[in-house]
$ cat model.txt   # compact mmCIF, N, CA and C atoms
# COMPACT_ATOMS: atom_id res chain seq x y z
N MET A 1 -16.75 41.45 -25.33
CA MET A 1 -17.02 41.18 -23.93
C MET A 1 -17.92 39.94 -23.79
N ILE A 2 -18.97 39.87 -24.60
CA ILE A 2 -19.89 38.73 -24.53
C ILE A 2 -19.17 37.45 -24.95
N ALA A 3 -18.30 37.54 -25.95
CA ALA A 3 -17.56 36.36 -26.42
C ALA A 3 -16.65 35.82 -25.31
N VAL A 4 -16.01 36.70 -24.57
CA VAL A 4 -15.14 36.29 -23.47
C VAL A 4 -15.96 35.62 -22.36
N LEU A 5 -17.11 36.20 -22.06
CA LEU A 5 -18.00 35.64 -21.04
C LEU A 5 -18.49 34.25 -21.45
N VAL A 6 -18.88 34.09 -22.71
CA VAL A 6 -19.33 32.80 -23.22
C VAL A 6 -18.19 31.78 -23.15
N LEU A 7 -16.98 32.19 -23.49
CA LEU A 7 -15.82 31.30 -23.44
C LEU A 7 -15.54 30.84 -22.01
N ILE A 8 -15.58 31.75 -21.07
CA ILE A 8 -15.34 31.42 -19.66
C ILE A 8 -16.42 30.47 -19.15
N LEU A 9 -17.67 30.74 -19.46
CA LEU A 9 -18.76 29.86 -19.04
C LEU A 9 -18.61 28.47 -19.66
N GLY A 10 -18.19 28.42 -20.90
CA GLY A 10 -17.97 27.14 -21.57
C GLY A 10 -16.89 26.33 -20.89
N VAL A 11 -15.79 26.98 -20.52
CA VAL A 11 -14.69 26.30 -19.83
C VAL A 11 -15.17 25.79 -18.46
N LEU A 12 -15.86 26.62 -17.72
CA LEU A 12 -16.36 26.22 -16.40
C LEU A 12 -17.36 25.06 -16.51
N LEU A 13 -18.26 25.14 -17.46
CA LEU A 13 -19.23 24.07 -17.65
C LEU A 13 -18.52 22.77 -18.02
N GLY A 14 -17.54 22.86 -18.90
CA GLY A 14 -16.76 21.68 -19.27
C GLY A 14 -16.05 21.08 -18.07
N ALA A 15 -15.50 21.93 -17.22
CA ALA A 15 -14.81 21.46 -16.02
C ALA A 15 -15.78 20.76 -15.07
N PHE A 16 -16.96 21.30 -14.90
CA PHE A 16 -17.95 20.68 -14.00
C PHE A 16 -18.41 19.33 -14.53
N ILE A 17 -18.42 19.18 -15.83
CA ILE A 17 -18.84 17.91 -16.42
C ILE A 17 -17.72 16.88 -16.32
N LEU A 18 -16.49 17.28 -16.58
CA LEU A 18 -15.37 16.34 -16.61
C LEU A 18 -14.85 15.96 -15.23
N ILE A 19 -14.79 16.88 -14.31
CA ILE A 19 -14.22 16.61 -13.00
C ILE A 19 -14.97 15.51 -12.25
N PRO A 20 -16.29 15.51 -12.18
CA PRO A 20 -16.96 14.41 -11.48
C PRO A 20 -16.69 13.05 -12.13
N GLN A 21 -16.56 12.98 -13.45
CA GLN A 21 -16.28 11.71 -14.10
C GLN A 21 -14.90 11.21 -13.76
N VAL A 22 -13.91 12.07 -13.74
CA VAL A 22 -12.56 11.67 -13.37
C VAL A 22 -12.53 11.24 -11.92
N HIS A 23 -13.22 11.97 -11.05
CA HIS A 23 -13.24 11.65 -9.63
C HIS A 23 -13.87 10.29 -9.37
N LYS A 24 -14.97 10.00 -10.04
CA LYS A 24 -15.66 8.72 -9.84
C LYS A 24 -14.82 7.56 -10.30
N SER A 25 -14.05 7.73 -11.36
CA SER A 25 -13.25 6.62 -11.87
C SER A 25 -11.89 6.56 -11.21
N GLY A 26 -11.60 7.49 -10.34
CA GLY A 26 -10.30 7.51 -9.69
C GLY A 26 -9.21 8.07 -10.59
N GLY A 27 -9.62 8.58 -11.76
CA GLY A 27 -8.65 9.16 -12.66
C GLY A 27 -7.87 8.11 -13.45
N THR A 28 -8.20 6.87 -13.34
CA THR A 28 -7.49 5.83 -14.06
C THR A 28 -8.43 5.05 -14.93
N LYS A 29 -7.83 4.41 -15.92
CA LYS A 29 -8.61 3.57 -16.81
C LYS A 29 -9.04 2.32 -16.05
N LYS A 30 -10.31 1.97 -16.17
CA LYS A 30 -10.80 0.77 -15.52
C LYS A 30 -10.39 -0.44 -16.36
N VAL A 31 -9.78 -1.41 -15.71
CA VAL A 31 -9.35 -2.61 -16.40
C VAL A 31 -10.48 -3.62 -16.35
N GLU A 32 -10.82 -4.14 -17.50
CA GLU A 32 -11.91 -5.11 -17.56
C GLU A 32 -11.42 -6.47 -17.06
N PRO A 33 -12.21 -7.15 -16.27
CA PRO A 33 -11.84 -8.48 -15.81
C PRO A 33 -11.86 -9.46 -16.97
N THR A 34 -11.13 -10.54 -16.82
CA THR A 34 -11.09 -11.55 -17.86
C THR A 34 -12.39 -12.33 -17.89
N ALA A 35 -12.62 -13.02 -18.98
CA ALA A 35 -13.86 -13.79 -19.15
C ALA A 35 -13.97 -14.89 -18.11
N SER A 36 -12.82 -15.35 -17.62
CA SER A 36 -12.85 -16.48 -16.68
C SER A 36 -13.17 -16.07 -15.25
N ASN A 37 -13.26 -14.77 -14.98
CA ASN A 37 -13.47 -14.39 -13.58
C ASN A 37 -14.78 -13.65 -13.35
N LYS A 38 -15.83 -14.14 -13.89
CA LYS A 38 -17.15 -13.61 -13.57
C LYS A 38 -17.42 -13.93 -12.10
N LYS A 39 -18.37 -13.27 -11.50
CA LYS A 39 -18.65 -13.44 -10.07
C LYS A 39 -19.18 -14.84 -9.76
N VAL A 40 -18.26 -15.79 -9.80
CA VAL A 40 -18.60 -17.19 -9.56
C VAL A 40 -18.04 -17.57 -8.20
N SER A 41 -18.83 -18.23 -7.42
CA SER A 41 -18.37 -18.65 -6.10
C SER A 41 -17.81 -20.06 -6.20
N LYS A 42 -16.59 -20.15 -6.64
CA LYS A 42 -15.92 -21.43 -6.79
C LYS A 42 -14.89 -21.57 -5.67
N ILE A 43 -14.63 -22.78 -5.27
CA ILE A 43 -13.63 -23.04 -4.24
C ILE A 43 -12.33 -23.47 -4.93
N HIS A 44 -11.23 -22.80 -4.58
CA HIS A 44 -9.92 -23.09 -5.15
C HIS A 44 -8.99 -23.58 -4.05
N SER A 45 -8.23 -24.62 -4.33
CA SER A 45 -7.25 -25.10 -3.36
C SER A 45 -6.00 -24.22 -3.44
N LYS A 46 -5.22 -24.23 -2.39
CA LYS A 46 -3.95 -23.47 -2.37
C LYS A 46 -3.03 -23.97 -3.48
N ALA A 47 -3.04 -25.29 -3.72
CA ALA A 47 -2.20 -25.86 -4.78
C ALA A 47 -2.64 -25.36 -6.15
N GLU A 48 -3.94 -25.21 -6.36
CA GLU A 48 -4.45 -24.71 -7.63
C GLU A 48 -4.03 -23.27 -7.85
N VAL A 49 -4.11 -22.46 -6.82
CA VAL A 49 -3.72 -21.05 -6.92
C VAL A 49 -2.21 -20.94 -7.18
N LEU A 50 -1.44 -21.79 -6.57
CA LEU A 50 0.02 -21.74 -6.65
C LEU A 50 0.54 -21.83 -8.09
N VAL A 51 -0.14 -22.56 -8.96
CA VAL A 51 0.34 -22.71 -10.35
C VAL A 51 0.08 -21.46 -11.20
N HIS A 52 -0.71 -20.55 -10.71
CA HIS A 52 -1.01 -19.31 -11.44
C HIS A 52 -0.08 -18.21 -10.92
N ASN A 53 1.20 -18.35 -11.21
CA ASN A 53 2.22 -17.50 -10.60
C ASN A 53 3.10 -16.77 -11.62
N LYS A 54 2.54 -16.47 -12.78
CA LYS A 54 3.30 -15.82 -13.84
C LYS A 54 2.63 -14.52 -14.27
N LYS A 55 3.39 -13.72 -14.98
CA LYS A 55 2.86 -12.45 -15.49
C LYS A 55 1.70 -12.69 -16.45
N THR A 56 1.73 -13.80 -17.16
CA THR A 56 0.68 -14.11 -18.12
C THR A 56 -0.46 -14.93 -17.52
N ASP A 57 -0.34 -15.25 -16.24
CA ASP A 57 -1.35 -16.05 -15.54
C ASP A 57 -1.16 -15.84 -14.04
N CYS A 58 -1.80 -14.83 -13.51
CA CYS A 58 -1.53 -14.41 -12.13
C CYS A 58 -2.79 -14.39 -11.27
N TRP A 59 -2.81 -15.28 -10.29
CA TRP A 59 -3.87 -15.29 -9.29
C TRP A 59 -3.24 -14.91 -7.96
N ILE A 60 -4.02 -14.23 -7.14
CA ILE A 60 -3.57 -13.88 -5.79
C ILE A 60 -4.68 -14.19 -4.80
N ILE A 61 -4.29 -14.32 -3.54
CA ILE A 61 -5.23 -14.57 -2.45
C ILE A 61 -5.23 -13.34 -1.55
N ILE A 62 -6.43 -12.84 -1.25
CA ILE A 62 -6.57 -11.74 -0.30
C ILE A 62 -7.70 -12.12 0.65
N LYS A 63 -7.35 -12.27 1.92
CA LYS A 63 -8.33 -12.64 2.94
C LYS A 63 -9.18 -13.85 2.52
N ASP A 64 -8.51 -14.92 2.12
CA ASP A 64 -9.14 -16.19 1.75
C ASP A 64 -10.07 -16.09 0.54
N LYS A 65 -9.90 -15.06 -0.27
CA LYS A 65 -10.63 -14.94 -1.54
C LYS A 65 -9.59 -14.96 -2.66
N VAL A 66 -9.95 -15.56 -3.78
CA VAL A 66 -9.02 -15.73 -4.89
C VAL A 66 -9.38 -14.76 -6.02
N TYR A 67 -8.36 -14.11 -6.56
CA TYR A 67 -8.55 -13.12 -7.61
C TYR A 67 -7.61 -13.41 -8.78
N ASP A 68 -8.14 -13.35 -10.00
CA ASP A 68 -7.33 -13.47 -11.21
C ASP A 68 -7.01 -12.06 -11.66
N VAL A 69 -5.79 -11.60 -11.39
CA VAL A 69 -5.39 -10.23 -11.69
C VAL A 69 -4.51 -10.14 -12.95
N THR A 70 -4.51 -11.19 -13.74
CA THR A 70 -3.68 -11.23 -14.94
C THR A 70 -3.90 -10.00 -15.82
N SER A 71 -5.14 -9.63 -16.06
CA SER A 71 -5.43 -8.51 -16.95
C SER A 71 -5.06 -7.16 -16.33
N TYR A 72 -4.73 -7.13 -15.06
CA TYR A 72 -4.41 -5.87 -14.39
C TYR A 72 -2.90 -5.63 -14.27
N ILE A 73 -2.10 -6.65 -14.47
CA ILE A 73 -0.66 -6.53 -14.23
C ILE A 73 -0.03 -5.38 -14.98
N GLU A 74 -0.36 -5.22 -16.25
CA GLU A 74 0.23 -4.14 -17.05
C GLU A 74 -0.20 -2.76 -16.55
N GLU A 75 -1.36 -2.66 -15.92
CA GLU A 75 -1.88 -1.38 -15.43
C GLU A 75 -1.44 -1.08 -13.99
N HIS A 76 -0.90 -2.07 -13.29
CA HIS A 76 -0.55 -1.91 -11.88
C HIS A 76 0.47 -0.78 -11.70
N PRO A 77 0.11 0.26 -10.94
CA PRO A 77 1.02 1.39 -10.76
C PRO A 77 2.35 1.01 -10.11
N GLY A 78 2.37 -0.08 -9.36
CA GLY A 78 3.60 -0.53 -8.72
C GLY A 78 4.42 -1.46 -9.59
N GLY A 79 4.09 -1.51 -10.88
CA GLY A 79 4.85 -2.36 -11.80
C GLY A 79 4.71 -3.83 -11.46
N ASP A 80 5.81 -4.53 -11.53
CA ASP A 80 5.81 -5.98 -11.29
C ASP A 80 5.75 -6.35 -9.81
N ALA A 81 5.61 -5.38 -8.93
CA ALA A 81 5.53 -5.67 -7.50
C ALA A 81 4.38 -6.62 -7.20
N ILE A 82 3.34 -6.56 -8.01
CA ILE A 82 2.18 -7.43 -7.82
C ILE A 82 2.57 -8.90 -7.99
N LEU A 83 3.65 -9.15 -8.73
CA LEU A 83 4.08 -10.53 -8.99
C LEU A 83 4.84 -11.14 -7.81
N ALA A 84 5.22 -10.33 -6.82
CA ALA A 84 5.97 -10.85 -5.66
C ALA A 84 5.20 -11.95 -4.95
N HIS A 85 3.87 -11.89 -4.99
CA HIS A 85 3.05 -12.89 -4.32
C HIS A 85 2.11 -13.58 -5.30
N ALA A 86 2.51 -13.62 -6.57
CA ALA A 86 1.68 -14.30 -7.58
C ALA A 86 1.53 -15.77 -7.20
N GLY A 87 0.31 -16.24 -7.21
CA GLY A 87 0.03 -17.63 -6.83
C GLY A 87 0.06 -17.85 -5.33
N ASP A 88 0.04 -16.80 -4.57
CA ASP A 88 0.17 -16.91 -3.12
C ASP A 88 -0.69 -15.85 -2.43
N ASP A 89 -0.55 -15.77 -1.11
CA ASP A 89 -1.33 -14.82 -0.32
C ASP A 89 -0.74 -13.42 -0.42
N SER A 90 -1.54 -12.48 -0.88
CA SER A 90 -1.13 -11.09 -1.04
C SER A 90 -1.82 -10.15 -0.06
N THR A 91 -2.44 -10.71 0.96
CA THR A 91 -3.23 -9.90 1.88
C THR A 91 -2.42 -8.76 2.50
N GLU A 92 -1.25 -9.06 3.01
CA GLU A 92 -0.45 -8.04 3.68
C GLU A 92 -0.04 -6.93 2.72
N GLY A 93 0.41 -7.29 1.53
CA GLY A 93 0.79 -6.28 0.54
C GLY A 93 -0.39 -5.46 0.05
N PHE A 94 -1.53 -6.12 -0.11
CA PHE A 94 -2.71 -5.44 -0.60
C PHE A 94 -3.16 -4.35 0.37
N TYR A 95 -3.09 -4.62 1.65
CA TYR A 95 -3.53 -3.64 2.65
C TYR A 95 -2.39 -2.73 3.11
N GLY A 96 -1.29 -2.71 2.35
CA GLY A 96 -0.17 -1.85 2.69
C GLY A 96 -0.47 -0.39 2.44
N PRO A 97 0.37 0.49 2.98
CA PRO A 97 0.13 1.93 2.89
C PRO A 97 0.30 2.49 1.47
N GLN A 98 0.89 1.72 0.57
CA GLN A 98 1.11 2.20 -0.80
C GLN A 98 -0.15 2.22 -1.64
N HIS A 99 -1.21 1.55 -1.20
CA HIS A 99 -2.43 1.47 -1.99
C HIS A 99 -3.43 2.55 -1.61
N ALA A 100 -3.97 3.19 -2.63
CA ALA A 100 -5.05 4.15 -2.41
C ALA A 100 -6.33 3.36 -2.12
N THR A 101 -7.30 4.00 -1.53
CA THR A 101 -8.53 3.31 -1.15
C THR A 101 -9.31 2.80 -2.35
N ARG A 102 -9.07 3.31 -3.53
CA ARG A 102 -9.80 2.84 -4.71
C ARG A 102 -9.54 1.38 -5.03
N VAL A 103 -8.39 0.84 -4.58
CA VAL A 103 -8.11 -0.57 -4.87
C VAL A 103 -9.13 -1.48 -4.19
N PHE A 104 -9.70 -1.02 -3.10
CA PHE A 104 -10.68 -1.85 -2.39
C PHE A 104 -11.96 -2.00 -3.21
N ASP A 105 -12.26 -1.01 -4.02
CA ASP A 105 -13.42 -1.09 -4.93
C ASP A 105 -13.08 -1.89 -6.18
N MET A 106 -11.87 -1.74 -6.67
CA MET A 106 -11.45 -2.39 -7.91
C MET A 106 -11.31 -3.90 -7.79
N ILE A 107 -10.84 -4.37 -6.66
CA ILE A 107 -10.47 -5.78 -6.54
C ILE A 107 -11.64 -6.73 -6.78
N ASP A 108 -12.83 -6.32 -6.46
CA ASP A 108 -14.00 -7.19 -6.66
C ASP A 108 -14.19 -7.58 -8.12
N ASP A 109 -13.73 -6.76 -9.04
CA ASP A 109 -13.85 -7.06 -10.46
C ASP A 109 -13.05 -8.31 -10.85
N PHE A 110 -12.09 -8.69 -10.04
CA PHE A 110 -11.19 -9.79 -10.38
C PHE A 110 -11.46 -11.06 -9.55
N TYR A 111 -12.47 -11.01 -8.72
CA TYR A 111 -12.82 -12.15 -7.85
C TYR A 111 -13.23 -13.37 -8.68
N ILE A 112 -12.64 -14.53 -8.37
CA ILE A 112 -13.00 -15.77 -9.06
C ILE A 112 -13.46 -16.87 -8.11
N GLY A 113 -13.33 -16.66 -6.81
CA GLY A 113 -13.80 -17.68 -5.87
C GLY A 113 -13.13 -17.55 -4.52
N ASP A 114 -13.38 -18.54 -3.69
CA ASP A 114 -12.84 -18.56 -2.33
C ASP A 114 -11.75 -19.61 -2.21
N LEU A 115 -10.88 -19.41 -1.24
CA LEU A 115 -9.82 -20.36 -0.96
C LEU A 115 -10.39 -21.50 -0.11
N GLU A 116 -10.03 -22.71 -0.48
CA GLU A 116 -10.45 -23.89 0.27
C GLU A 116 -9.88 -23.82 1.67
N ARG A 117 -10.68 -24.13 2.66
CA ARG A 117 -10.23 -24.08 4.06
C ARG A 117 -9.84 -25.43 4.56

$ encode --input "model.txt" --output "structure tokens"
Amino acid sequence: MIAVLVLILGVLLGAFILIPQVHKSGGTKKVEPTASNKKVSKIHSKAEVLVHNKKTDCWIIIKDKVYDVTSYIEEHPGGDAILAHAGDDSTEGFYGPQHATRVFDMIDDFYIGDLER
């Protein structure tokens, strides 16, 4: 009887420890930003962003901010859909109904600068 009680308490304690960690991380692996996209406030021209339009080199624009999402492409739950606007403005797609609210927290990790006005 005591062994069963200890086992149940162990399972419950384990669940209480693991569940908050999964919840905080959104249940997904956090993708580390590339070395080139530290929180630098650099100005990028539209022409400069346009050349970063490949799976191996992907920048996007969201609300006049530029993000290097190259390291995230393989993890993107929507597959290659992220490439539809590679090197271009992705604002409309980013705020689409398919994205969970956690993307709003994640995107800052990929910020590399602002779009030239």

$ atom_distance --input "model.txt" --atom1 "atom C of Asp109 in chain A" --atom2 "CA of Asp57 in chain A"
14.8 Å

$ atom_distance --input "model.txt" --atom1 "atom C of Arg102 in chain A" --atom2 "CA of Arg117 in chain A"
27.0 Å

$ axis_aligned_box --input "model.txt" --around "range 95-104 of chain A" --padding-each-side "5 Å" --output "lines of an AutoDock Vina configuration file"
center_x = -5.4
center_y = -0.2
center_z = -1.0
size_x = 23.1
size_y = 18.8
size_z = 18.1

$ atom_distance --input "model.txt" --atom1 "atom C of Pro97 in chain A" --atom2 "atom N of Leu83 in chain A"
15.8 Å

$ closest_residue --input "model.txt" --among "A:Ile112, A:Ile2, A:Cys58, A:Val103" --to "Thr70 in chain A" --atoms "only N, CA and C atoms"
A:Cys58
